[in-house]
>>> print(open('query_2.pdb').read())   # PDB, C-alpha atoms
ATOM      1  CA  MET A   1     -64.519  25.899  55.887
ATOM      2  CA  PHE A   2     -60.899  26.082  54.789
ATOM      3  CA  ARG A   3     -60.231  27.470  51.374
ATOM      4  CA  ARG A   4     -57.959  24.938  49.760
ATOM      5  CA  VAL A   5     -55.501  22.122  50.321
ATOM      6  CA  ILE A   6     -53.353  21.373  47.263
ATOM      7  CA  LEU A   7     -51.042  18.349  47.053
ATOM      8  CA  ASN A   8     -48.514  18.914  44.272
ATOM      9  CA  LEU A   9     -45.964  16.191  43.503
ATOM     10  CA  ARG A  10     -42.909  17.087  41.479
ATOM     11  CA  TYR A  11     -40.363  14.456  40.551
ATOM     12  CA  TYR A  12     -37.075  15.451  38.962
ATOM     13  CA  GLY A  13     -35.007  12.431  38.085
ATOM     14  CA  PRO A  14     -33.168  10.429  37.072
ATOM     15  CA  PHE A  15     -32.576  12.656  34.066
ATOM     16  CA  ARG A  16     -31.636  15.616  36.258
ATOM     17  CA  THR A  17     -29.616  15.859  39.418
ATOM     18  CA  ARG A  18     -32.409  17.624  41.250
ATOM     19  CA  THR A  19     -34.202  15.679  43.942
ATOM     20  CA  ALA A  20     -37.843  14.811  44.360
ATOM     21  CA  ARG A  21     -39.988  17.069  46.449
ATOM     22  CA  LEU A  22     -43.590  17.276  47.457
ATOM     23  CA  GLN A  23     -45.227  20.645  47.919
ATOM     24  CA  LEU A  24     -48.076  21.085  50.372
ATOM     25  CA  LYS A  25     -49.999  24.317  50.105
ATOM     26  CA  VAL A  26     -52.701  25.154  52.599
ATOM     27  CA  GLY A  27     -54.801  28.298  52.384
ATOM     28  CA  PRO A  28     -55.538  30.631  55.305
ATOM     29  CA  GLU A  29     -57.031  29.090  58.370
ATOM     30  CA  MET A  30     -60.772  29.410  58.613
ATOM     31  CA  ALA A  31     -62.545  32.144  56.746
ATOM     32  CA  ASP A  32     -63.002  33.960  60.038
ATOM     33  CA  GLY A  33     -59.330  33.510  61.028
ATOM     34  CA  SER A  34     -60.003  30.852  63.695
ATOM     35  CA  PRO A  35     -57.883  27.654  63.869
ATOM     36  CA  TYR A  36     -58.808  24.604  61.803
ATOM     37  CA  PRO A  37     -61.125  22.045  63.405
ATOM     38  CA  VAL A  38     -59.457  18.912  64.760
ATOM     39  CA  ALA A  39     -60.535  16.810  61.754
ATOM     40  CA  ILE A  40     -58.937  19.179  59.265
ATOM     41  CA  ARG A  41     -55.749  19.488  61.319
ATOM     42  CA  GLY A  42     -55.591  15.695  61.246
ATOM     43  CA  LEU A  43     -55.978  15.708  57.450
ATOM     44  CA  ILE A  44     -53.160  18.196  57.053
ATOM     45  CA  GLY A  45     -50.956  16.178  59.381
ATOM     46  CA  SER A  46     -51.673  13.026  57.348
ATOM     47  CA  MET A  47     -50.776  14.836  54.138
ATOM     48  CA  ARG A  48     -47.523  16.064  55.599
ATOM     49  CA  ARG A  49     -46.646  12.525  56.680
ATOM     50  CA  LEU A  50     -47.517  11.313  53.168
ATOM     51  CA  ARG A  51     -45.233  14.001  51.761
ATOM     52  CA  THR A  52     -42.321  12.719  53.847
ATOM     53  CA  GLN A  53     -42.928   9.090  52.889
ATOM     54  CA  ILE A  54     -43.187   9.801  49.166
ATOM     55  CA  CYS A  55     -40.104  12.008  49.145
ATOM     56  CA  ARG A  56     -38.071   9.315  50.878
ATOM     57  CA  LEU A  57     -39.234   6.766  48.346
ATOM     58  CA  LEU A  58     -38.459   8.915  45.305
ATOM     59  CA  VAL A  59     -35.071  10.068  46.496
ATOM     60  CA  GLY A  60     -34.110   6.427  47.114
ATOM     61  CA  LEU A  61     -34.862   5.442  43.548
ATOM     62  CA  SER A  62     -31.666   6.487  41.827
ATOM     63  CA  LEU A  63     -32.109   4.169  38.860
ATOM     64  CA  VAL A  64     -35.687   4.835  37.861
ATOM     65  CA  ALA A  65     -37.060   6.013  34.556
ATOM     66  CA  VAL A  66     -40.498   7.550  34.777
ATOM     67  CA  SER A  67     -42.630   9.437  32.342
ATOM     68  CA  ILE A  68     -45.913  10.890  33.590
ATOM     69  CA  VAL A  69     -48.321  12.205  30.992
ATOM     70  CA  ALA A  70     -51.965  13.106  31.078
ATOM     71  CA  ALA A  71     -54.151  10.058  31.624
ATOM     72  CA  PRO A  72     -56.490   9.289  28.733
ATOM     73  CA  ALA A  73     -60.135  10.095  29.252
ATOM     74  CA  GLN A  74     -61.064   6.485  28.551
ATOM     75  CA  VAL A  75     -59.200   3.260  29.104
ATOM     76  CA  ALA A  76     -57.140   2.621  25.989
ATOM     77  CA  GLN A  77     -56.087  -0.743  24.631
ATOM     78  CA  ALA A  78     -52.512  -1.657  23.788
ATOM     79  CA  SER A  79     -51.848  -1.848  20.052
ATOM     80  CA  ILE A  80     -48.865  -4.170  20.497
ATOM     81  CA  SER A  81     -48.794  -7.469  22.338
ATOM     82  CA  GLN A  82     -46.752  -8.170  25.449
ATOM     83  CA  ASP A  83     -44.510 -10.630  23.568
ATOM     84  CA  SER A  84     -43.954  -8.189  20.697
ATOM     85  CA  PHE A  85     -43.131  -5.373  23.092
ATOM     86  CA  GLU A  86     -40.480  -7.474  24.843
ATOM     87  CA  ALA A  87     -39.071  -8.655  21.511
ATOM     88  CA  CYS A  88     -38.900  -5.028  20.404
ATOM     89  CA  LEU A  89     -36.975  -4.116  23.555
ATOM     90  CA  LEU A  90     -34.484  -6.923  22.972
ATOM     91  CA  GLU A  91     -33.932  -5.782  19.397
ATOM     92  CA  ARG A  92     -33.391  -2.163  20.447
ATOM     93  CA  ILE A  93     -31.074  -3.190  23.285
ATOM     94  CA  ASN A  94     -28.925  -5.308  20.994
ATOM     95  CA  ASP A  95     -28.817  -2.541  18.382
ATOM     96  CA  ALA A  96     -27.520  -0.165  21.070
ATOM     97  CA  ARG A  97     -24.952  -2.715  22.204
ATOM     98  CA  ALA A  98     -23.779  -3.363  18.652
ATOM     99  CA  ALA A  99     -23.209   0.370  18.192
ATOM    100  CA  VAL A 100     -20.645   0.386  21.018
ATOM    101  CA  GLY A 101     -19.140  -3.050  20.368
ATOM    102  CA  SER A 102     -20.771  -4.889  23.291
ATOM    103  CA  PRO A 103     -21.773  -8.532  22.747
ATOM    104  CA  GLN A 104     -25.378  -9.334  21.951
ATOM    105  CA  LEU A 105     -27.668 -10.349  24.793
ATOM    106  CA  HIS A 106     -29.661 -13.563  24.830
ATOM    107  CA  MET A 107     -33.175 -13.500  26.181
ATOM    108  CA  ALA A 108     -33.466 -15.464  29.424
ATOM    109  CA  THR A 109     -36.815 -16.898  28.397
ATOM    110  CA  ASP A 110     -37.223 -19.032  31.525
ATOM    111  CA  LYS A 111     -37.012 -15.859  33.655
ATOM    112  CA  ILE A 112     -39.614 -13.839  31.732
ATOM    113  CA  PRO A 113     -42.699 -15.016  33.687
ATOM    114  CA  ALA A 114     -41.168 -13.911  37.000
ATOM    115  CA  ILE A 115     -40.094 -10.556  35.551
ATOM    116  CA  ARG A 116     -43.590  -9.984  34.197
ATOM    117  CA  VAL A 117     -44.987 -10.683  37.647
ATOM    118  CA  TRP A 118     -42.797  -7.925  39.097
ATOM    119  CA  SER A 119     -43.887  -5.434  36.431
ATOM    120  CA  GLU A 120     -47.499  -6.205  37.268
ATOM    121  CA  TRP A 121     -46.732  -5.881  40.985
ATOM    122  CA  MET A 122     -45.369  -2.380  40.382
ATOM    123  CA  ARG A 123     -48.568  -1.441  38.587
ATOM    124  CA  PHE A 124     -50.743  -2.238  41.577
ATOM    125  CA  ASN A 125     -48.327  -1.465  44.405
ATOM    126  CA  THR A 126     -45.173   0.670  44.338
ATOM    127  CA  PHE A 127     -42.923   1.672  41.465
ATOM    128  CA  LYS A 128     -39.551   0.411  42.675
ATOM    129  CA  HIS A 129     -36.722  -1.994  41.980
ATOM    130  CA  MET A 130     -36.972  -5.611  42.994
ATOM    131  CA  PRO A 131     -35.753  -6.283  46.539
ATOM    132  CA  ALA A 132     -33.051  -8.897  46.985
ATOM    133  CA  SER A 133     -35.634 -11.376  48.285
ATOM    134  CA  VAL A 134     -37.348 -11.252  44.880
ATOM    135  CA  ARG A 135     -34.355 -10.772  42.589
ATOM    136  CA  TYR A 136     -31.996 -13.472  43.824
ATOM    137  CA  PRO A 137     -34.438 -16.376  43.371
ATOM    138  CA  ILE A 138     -34.889 -15.239  39.759
ATOM    139  CA  LEU A 139     -31.175 -15.048  38.973
ATOM    140  CA  PRO A 140     -29.444 -18.358  38.208
ATOM    141  CA  PRO A 141     -27.446 -19.764  41.139
ATOM    142  CA  ASN A 142     -24.093 -19.111  39.470
ATOM    143  CA  TRP A 143     -24.652 -15.452  38.581
ATOM    144  CA  ASN A 144     -21.657 -13.119  38.906
ATOM    145  CA  THR A 145     -23.083  -9.721  37.949
ATOM    146  CA  TRP A 146     -26.483  -8.137  37.412
ATOM    147  CA  GLY A 147     -28.176  -4.830  36.665
ATOM    148  CA  GLU A 148     -31.788  -3.711  36.617
ATOM    149  CA  ASN A 149     -33.834  -1.068  34.824
ATOM    150  CA  ILE A 150     -37.485  -0.259  35.434
ATOM    151  CA  ALA A 151     -39.691   2.124  33.493
ATOM    152  CA  ALA A 152     -43.303   3.195  33.180
ATOM    153  CA  TRP A 153     -45.289   5.051  30.535
ATOM    154  CA  SER A 154     -48.852   6.116  31.105
ATOM    155  CA  ASP A 155     -50.153   5.686  27.534
ATOM    156  CA  PRO A 156     -50.921   2.027  26.747
ATOM    157  CA  ASP A 157     -51.487   2.702  23.040
ATOM    158  CA  LEU A 158     -47.877   2.529  21.838
ATOM    159  CA  ALA A 159     -46.976   1.314  18.357
ATOM    160  CA  ASP A 160     -43.738  -0.223  19.632
ATOM    161  CA  CYS A 161     -41.207  -0.001  22.460
ATOM    162  CA  SER A 162     -39.273   3.011  21.127
ATOM    163  CA  VAL A 163     -40.589   5.550  23.637
ATOM    164  CA  ILE A 164     -39.542   3.518  26.667
ATOM    165  CA  HIS A 165     -36.242   2.383  25.143
ATOM    166  CA  ASN A 166     -35.297   5.938  24.196
ATOM    167  CA  MET A 167     -36.247   7.172  27.649
ATOM    168  CA  LEU A 168     -33.895   4.638  29.215
ATOM    169  CA  MET A 169     -31.104   5.378  26.744
ATOM    170  CA  ASN A 170     -31.334   9.079  27.595
ATOM    171  CA  SER A 171     -30.545   8.280  31.219
ATOM    172  CA  ARG A 172     -26.857   7.740  31.964
ATOM    173  CA  ASP A 173     -27.313   4.972  34.525
ATOM    174  CA  HIS A 174     -29.938   3.093  32.549
ATOM    175  CA  ARG A 175     -27.903   3.335  29.360
ATOM    176  CA  ALA A 176     -24.903   1.969  31.258
ATOM    177  CA  ASN A 177     -26.882  -1.182  32.052
ATOM    178  CA  ILE A 178     -28.100  -1.540  28.476
ATOM    179  CA  VAL A 179     -24.632  -1.399  26.887
ATOM    180  CA  ASP A 180     -22.591  -2.975  29.723
ATOM    181  CA  PRO A 181     -20.244  -5.485  28.017
ATOM    182  CA  SER A 182     -20.142  -7.740  31.090
ATOM    183  CA  PHE A 183     -23.776  -8.807  30.653
ATOM    184  CA  ARG A 184     -24.700 -11.760  28.463
ATOM    185  CA  PHE A 185     -28.378 -12.308  29.267
ATOM    186  CA  VAL A 186     -31.462 -10.210  29.866
ATOM    187  CA  ALA A 187     -34.924 -11.059  31.135
ATOM    188  CA  LEU A 188     -37.538  -8.582  29.942
ATOM    189  CA  GLY A 189     -40.991  -8.392  31.446
ATOM    190  CA  ALA A 190     -43.757  -5.985  30.448
ATOM    191  CA  TYR A 191     -47.221  -5.437  31.851
ATOM    192  CA  VAL A 192     -49.901  -3.295  30.204
ATOM    193  CA  ASP A 193     -53.421  -2.236  31.015
ATOM    194  CA  GLY A 194     -55.407   0.967  30.808
ATOM    195  CA  SER A 195     -52.899   2.701  33.099
ATOM    196  CA  GLY A 196     -50.038   2.232  30.617
ATOM    197  CA  TRP A 197     -46.885   0.138  30.285
ATOM    198  CA  TRP A 198     -44.781  -1.123  33.190
ATOM    199  CA  VAL A 199     -41.396  -2.603  32.284
ATOM    200  CA  THR A 200     -38.637  -4.437  34.141
ATOM    201  CA  GLN A 201     -35.260  -5.316  32.614
ATOM    202  CA  LEU A 202     -32.953  -7.684  34.489
ATOM    203  CA  PHE A 203     -29.462  -7.944  32.987
ATOM    204  CA  PHE A 204     -27.003 -10.533  34.225
ATOM    205  CA  ASN A 205     -24.161 -12.873  33.493
ATOM    206  CA  ALA A 206     -23.741 -16.368  34.875
ATOM    207  CA  SER A 207     -21.369 -19.205  34.130
ATOM    208  CA  ASP A 208     -22.866 -22.419  32.761
ATOM    209  CA  TYR A 209     -26.274 -20.803  32.205
ATOM    210  CA  ASP A 210     -28.350 -21.365  29.093
ATOM    211  CA  PRO A 211     -31.917 -20.171  28.587
ATOM    212  CA  VAL A 212     -34.364 -23.017  28.845
ATOM    213  CA  CYS A 213     -35.784 -23.466  25.346
ATOM    214  CA  ASN A 214     -38.186 -25.995  23.929
ATOM    215  CA  GLY A 215     -37.080 -26.683  20.385
ATOM    216  CA  ARG A 216     -35.080 -24.534  17.999
ATOM    217  CA  PHE A 217     -36.053 -21.102  19.358
ATOM    218  CA  CYS A 218     -36.416 -19.712  22.862
ATOM    219  CA  ASP A 219     -39.188 -17.164  22.300
ATOM    220  CA  ASP A 220     -41.902 -19.287  20.699
ATOM    221  CA  ASP A 221     -42.566 -21.726  23.528
ATOM    222  CA  THR A 222     -45.900 -20.090  24.377
ATOM    223  CA  SER A 223     -46.886 -19.329  20.781
ATOM    224  CA  ILE A 224     -49.748 -21.211  19.135
ATOM    225  CA  PHE A 225     -47.550 -21.244  16.024
ATOM    226  CA  GLU A 226     -44.606 -23.021  17.664
ATOM    227  CA  ASN A 227     -45.148 -26.244  15.710
ATOM    228  CA  ALA A 228     -45.201 -24.423  12.361
ATOM    229  CA  ILE A 229     -42.181 -22.332  13.355
ATOM    230  CA  GLU A 230     -40.195 -25.433  14.264
ATOM    231  CA  LYS A 231     -41.096 -27.034  10.914
ATOM    232  CA  ILE A 232     -39.907 -24.132   8.749
ATOM    233  CA  ALA A 233     -36.748 -23.865  10.847
ATOM    234  CA  ALA A 234     -36.023 -27.562  10.330
ATOM    235  CA  ALA A 235     -36.593 -27.090   6.587
ATOM    236  CA  GLY A 236     -34.060 -24.247   6.475
ATOM    237  CA  ILE A 237     -36.672 -21.641   5.543
ATOM    238  CA  THR A 238     -35.912 -19.471   8.571
ATOM    239  CA  PHE A 239     -32.766 -19.062  10.627
ATOM    240  CA  GLY A 240     -34.095 -16.754  13.338
ATOM    241  CA  CYS A 241     -34.486 -13.047  14.006
ATOM    242  CA  ASN A 242     -31.532 -12.150  16.254
ATOM    243  CA  SER A 243     -28.464 -12.838  14.150
ATOM    244  CA  PRO A 244     -25.838 -14.050  14.753
ATOM    245  CA  ALA A 245     -27.096 -15.947  17.820
ATOM    246  CA  ASN A 246     -30.460 -16.735  16.187
ATOM    247  CA  THR A 247     -31.968 -18.077  19.388
ATOM    248  CA  ASN A 248     -35.257 -16.240  18.738
ATOM    249  CA  PHE A 249     -37.867 -16.265  15.984
ATOM    250  CA  CYS A 250     -39.831 -13.151  17.076
ATOM    251  CA  PRO A 251     -43.217 -14.728  16.286
ATOM    252  CA  ASP A 252     -45.192 -11.541  16.990
ATOM    253  CA  LEU A 253     -43.148  -9.146  14.879
ATOM    254  CA  TYR A 254     -44.242  -8.129  11.388
ATOM    255  CA  VAL A 255     -42.566  -9.572   8.280
ATOM    256  CA  THR A 256     -40.809  -7.231   5.878
ATOM    257  CA  ARG A 257     -40.834  -7.677   2.116
ATOM    258  CA  GLY A 258     -37.140  -8.561   2.280
ATOM    259  CA  GLU A 259     -37.768 -11.268   4.842
ATOM    260  CA  MET A 260     -40.649 -12.643   2.785
ATOM    261  CA  ALA A 261     -38.308 -12.834  -0.211
ATOM    262  CA  ALA A 262     -35.872 -14.874   1.876
ATOM    263  CA  PHE A 263     -38.611 -17.223   3.099
ATOM    264  CA  LEU A 264     -39.894 -17.853  -0.429
ATOM    265  CA  SER A 265     -36.492 -18.263  -2.076
ATOM    266  CA  ARG A 266     -35.448 -20.811   0.543
ATOM    267  CA  ALA A 267     -38.770 -22.664   0.535
ATOM    268  CA  LEU A 268     -38.733 -22.984  -3.263
ATOM    269  CA  ASN A 269     -34.963 -23.502  -3.485
ATOM    270  CA  LEU A 270     -34.747 -20.879  -6.232
ATOM    271  CA  PRO A 271     -31.533 -20.549  -8.246
ATOM    272  CA  ALA A 272     -29.322 -17.485  -8.016
ATOM    273  CA  SER A 273     -29.978 -14.731 -10.511
ATOM    274  CA  ASN A 274     -29.144 -11.093 -11.139
ATOM    275  CA  ALA A 275     -31.334 -10.657 -14.184
ATOM    276  CA  ILE A 276     -33.501  -8.106 -12.397
ATOM    277  CA  ASP A 277     -31.837  -5.552 -10.144
ATOM    278  CA  PHE A 278     -33.931  -3.135  -8.114
ATOM    279  CA  ILE A 279     -32.389   0.213  -7.244
ATOM    280  CA  ASP A 280     -33.233   0.093  -3.525
ATOM    281  CA  ASP A 281     -31.955  -3.321  -2.393
ATOM    282  CA  ASN A 282     -28.209  -2.920  -2.909
ATOM    283  CA  HIS A 283     -27.553  -2.609   0.812
ATOM    284  CA  SER A 284     -30.134  -5.161   1.930
ATOM    285  CA  ILE A 285     -29.001  -8.484   3.386
ATOM    286  CA  PHE A 286     -31.869  -9.985   1.386
ATOM    287  CA  GLU A 287     -30.697  -8.715  -2.007
ATOM    288  CA  SER A 288     -29.882 -12.156  -3.396
ATOM    289  CA  SER A 289     -33.260 -13.521  -2.264
ATOM    290  CA  ILE A 290     -35.044 -10.533  -3.813
ATOM    291  CA  GLN A 291     -33.276 -11.113  -7.127
ATOM    292  CA  LYS A 292     -34.235 -14.794  -7.021
ATOM    293  CA  ILE A 293     -37.970 -14.209  -6.566
ATOM    294  CA  ALA A 294     -37.934 -11.406  -9.137
ATOM    295  CA  ALA A 295     -36.341 -13.680 -11.722
ATOM    296  CA  ALA A 296     -38.955 -16.329 -10.903
ATOM    297  CA  GLY A 297     -41.766 -13.854 -11.564
ATOM    298  CA  ILE A 298     -42.965 -13.894  -7.957
ATOM    299  CA  THR A 299     -42.563 -10.130  -7.605
ATOM    300  CA  LEU A 300     -42.602  -7.269 -10.055
ATOM    301  CA  GLY A 301     -41.655  -4.497  -7.634
ATOM    302  CA  CYS A 302     -43.376  -2.031  -5.338
ATOM    303  CA  ASN A 303     -43.704   1.154  -7.390
ATOM    304  CA  PRO A 304     -45.801   0.387 -10.488
ATOM    305  CA  PRO A 305     -45.738   1.033 -13.325
ATOM    306  CA  ALA A 306     -41.985   1.697 -13.240
ATOM    307  CA  ASN A 307     -41.302  -1.079 -10.716
ATOM    308  CA  THR A 308     -37.705  -0.018 -10.214
ATOM    309  CA  LYS A 309     -37.947  -0.613  -6.458
ATOM    310  CA  PHE A 310     -38.722  -3.574  -4.228
ATOM    311  CA  CYS A 311     -39.130  -1.726  -0.873
ATOM    312  CA  PRO A 312     -37.375  -4.446   1.153
ATOM    313  CA  GLY A 313     -37.927  -2.709   4.498
ATOM    314  CA  GLU A 314     -41.674  -2.260   4.152
ATOM    315  CA  TYR A 315     -44.047  -4.659   5.872
ATOM    316  CA  VAL A 316     -45.934  -7.280   3.899
ATOM    317  CA  THR A 317     -49.694  -6.905   3.926
ATOM    318  CA  ARG A 318     -51.967  -9.936   3.844
ATOM    319  CA  GLY A 319     -52.937  -8.968   0.309
ATOM    320  CA  GLN A 320     -49.324  -8.814  -0.824
ATOM    321  CA  MET A 321     -48.650 -12.133   0.866
ATOM    322  CA  ALA A 322     -51.535 -13.683  -1.079
ATOM    323  CA  ALA A 323     -50.046 -12.360  -4.332
ATOM    324  CA  PHE A 324     -46.581 -13.676  -3.465
ATOM    325  CA  LEU A 325     -47.904 -17.141  -2.640
ATOM    326  CA  ALA A 326     -50.212 -17.339  -5.634
ATOM    327  CA  LYS A 327     -47.329 -16.577  -8.000
ATOM    328  CA  ALA A 328     -44.852 -18.756  -6.106
ATOM    329  CA  LEU A 329     -47.204 -21.746  -6.134
ATOM    330  CA  GLN A 330     -48.463 -20.978  -9.659
ATOM    331  CA  LEU A 331     -52.064 -21.004  -8.493
TER     332      LEU A 331
END
>>> encode(input="query_2.pdb", output="structure tokens")
Amino acid sequence: MFRRVILNLRYYGPFRTRTARLQLKVGPEMADGSPYPVAIRGLIGSMRRLRTQICRLLVGLSLVAVSIVAAPAQVAQASISQDSFEACLLERINDARAAVGSPQLHMATDKIPAIRVWSEWMRFNTFKHMPASVRYPILPPNWNTWGENIAAWSDPDLADCSVIHNMLMNSRDHRANIVDPSFRFVALGAYVDGSGWWVTQLFFNASDYDPVCNGRFCDDDTSIFENAIEKIAAAGITFGCNSPANTNFCPDLYVTRGEMAAFLSRALNLPASNAIDFIDDNHSIFESSIQKIAAAGITLGCNPPANTKFCPGEYVTRGQMAAFLAKALQL
């Protein structure tokens, strides 16, 4: 019997300039010093060929973001939905673009299904960029520039998209795609299962292209709440979630207390007031709405008994929502 055959894969990139390499370590021949049997020599030869193939693949992926961590002992479930994860990515991307003065990207909602298919394909096949035969049918016919990022993270239980977004932003080439001022649209596709998250980002610009949207927003077409969303948009209760374009509603994101204040003040058409001024909403875009619902007795604050704060950035719980509505509707 041979003592050991160890296959050790090390991947350095794209965050370092070092290349990928695969180490093959084989112990002494047989315990008695005789050559390996034919079957074992064949195994070693197969492993060496595998080493060559994997190294060629990894070295060729110059724009790849990978994070490999220990696999969980049991299959974990994602704590954020696919739609919410993609909406989170769009928000983070546009925040990064705003920081450098690049125009905001619009989600190419009609391209999302195809991008999701590629992310799923990577999960079960090979982690790589889309070939031209896949990419070009997805891009609109009149495209003039494009860029692509792919990423994977082996823990499916992520609270949001921050880990993957930060990983991409810490890579020069991936960050260049994210903030490139020549892009106007992005199609984001995520796939998740027990193995983790697999993400594809396709950036592009094209003349005379508009995302195909059904109704007021582009990201609620598959939501069971689309009808309700369209109604409150038509009533002027919501404007959208990606100002100034406001082409999305972000139906799977959580609502903050500031946003709830805006919804209620618009729905009830409350008059302006500055009778009550909380100390923590002076820099909030929802300050006027917060003052309106406070004056109407819909909210007292968030830090009883002093109630000097409103906590506009905190999420609304179902219990708090019930209290807001009960007071607003005088139930």
>>> resolve_selection(input="query_2.pdb", expression="the PyMOL selection byres ((chain A and resi 96) around 12)", output="list in words")
Leu89, Leu90, Glu91, Arg92, Ile93, Asn94, Asp95, Arg97, Ala98, Ala99, Val100, Gly101, Ser102, Pro103, Gln104, Leu105, His165, Asn166, Leu168, Met169, Asn170, Arg175, Ala176, Asn177, Ile178, Val179, Asp180 and Pro181 of chain A
>>> resolve_selection(input="query_2.pdb", expression="the PyMOL selection byres ((chain A and resi 231-237) around 9)", output="PyMOL selection string")
chain A and resi 216-217+226-230+238-240+262-267
>>> resolve_selection(input="query_2.pdb", expression="the PyMOL selection byres ((chain A and resi 275) around 8)", output="ChimeraX atom specification")
/A:273-274,276-277,291,295
>>> atom_distance(input="query_2.pdb", atom1="atom CA of A:Ser243", atom2="atom CA of A:Ile80")
23.1 Å
>>> atom_distance(input="query_2.pdb", atom1="atom CA of A:Arg257", atom2="atom CA of A:Met107")
25.9 Å
>>> closest_residue(input="query_2.pdb", among="A:Tyr136, A:Phe324, A:Trp198, A:Phe310", to="A:Lys111", atoms="only C-alpha atoms")
A:Tyr136
>>> closest_residue(input="query_2.pdb", among="A:Ala294, A:Val199, A:Phe185, A:Asn242", to="A:Met167", atoms="only C-alpha atoms")
A:Val199
>>> atom_distance(input="query_2.pdb", atom1="atom CA of A:Gly297", atom2="atom CA of A:Ala272")
13.4 Å
>>> decode(input="query_2.pdb", residues="stretch 192-205 of chain A", atoms="N, CA and C atoms", output="short mmCIF file (atom, residue, chain, number, x, y, z; two decimals), in the first residue's frame")
data_model
loop_
_atom_site.label_atom_id
_atom_site.label_comp_id
_atom_site.auth_asym_id
_atom_site.auth_seq_id
_atom_site.Cartn_x
_atom_site.Cartn_y
_atom_site.Cartn_z
N VAL A 192 -29.08 30.33 -4.63
CA VAL A 192 -28.65 29.89 -3.30
C VAL A 192 -29.22 28.51 -3.01
N ASP A 193 -28.40 27.71 -2.39
CA ASP A 193 -28.83 26.44 -1.82
C ASP A 193 -27.89 26.12 -0.67
N GLY A 194 -27.85 24.90 -0.23
CA GLY A 194 -27.02 24.55 0.90
C GLY A 194 -25.53 24.78 0.69
N SER A 195 -25.12 24.89 -0.59
CA SER A 195 -23.70 25.10 -0.89
C SER A 195 -23.28 26.56 -0.73
N GLY A 196 -24.25 27.48 -0.69
CA GLY A 196 -23.94 28.90 -0.56
C GLY A 196 -24.60 29.74 -1.64
N TRP A 197 -24.06 30.94 -1.82
CA TRP A 197 -24.58 31.91 -2.79
C TRP A 197 -23.71 31.93 -4.03
N TRP A 198 -24.35 32.01 -5.19
CA TRP A 198 -23.68 32.13 -6.47
C TRP A 198 -24.29 33.33 -7.18
N VAL A 199 -23.46 34.28 -7.58
CA VAL A 199 -23.94 35.58 -8.05
C VAL A 199 -23.31 35.94 -9.39
N THR A 200 -24.14 36.46 -10.29
CA THR A 200 -23.67 37.00 -11.57
C THR A 200 -24.19 38.42 -11.71
N GLN A 201 -23.31 39.33 -12.11
CA GLN A 201 -23.68 40.72 -12.37
C GLN A 201 -23.30 41.07 -13.80
N LEU A 202 -24.28 41.44 -14.60
CA LEU A 202 -24.02 41.83 -15.99
C LEU A 202 -24.35 43.30 -16.15
N PHE A 203 -23.31 44.11 -16.32
CA PHE A 203 -23.46 45.55 -16.52
C PHE A 203 -23.45 45.84 -18.02
N PHE A 204 -24.23 46.84 -18.45
CA PHE A 204 -24.18 47.17 -19.86
C PHE A 204 -24.80 48.53 -20.12
N ASN A 205 -24.60 49.01 -21.30
CA ASN A 205 -25.30 50.18 -21.80
C ASN A 205 -25.79 49.86 -23.20
#
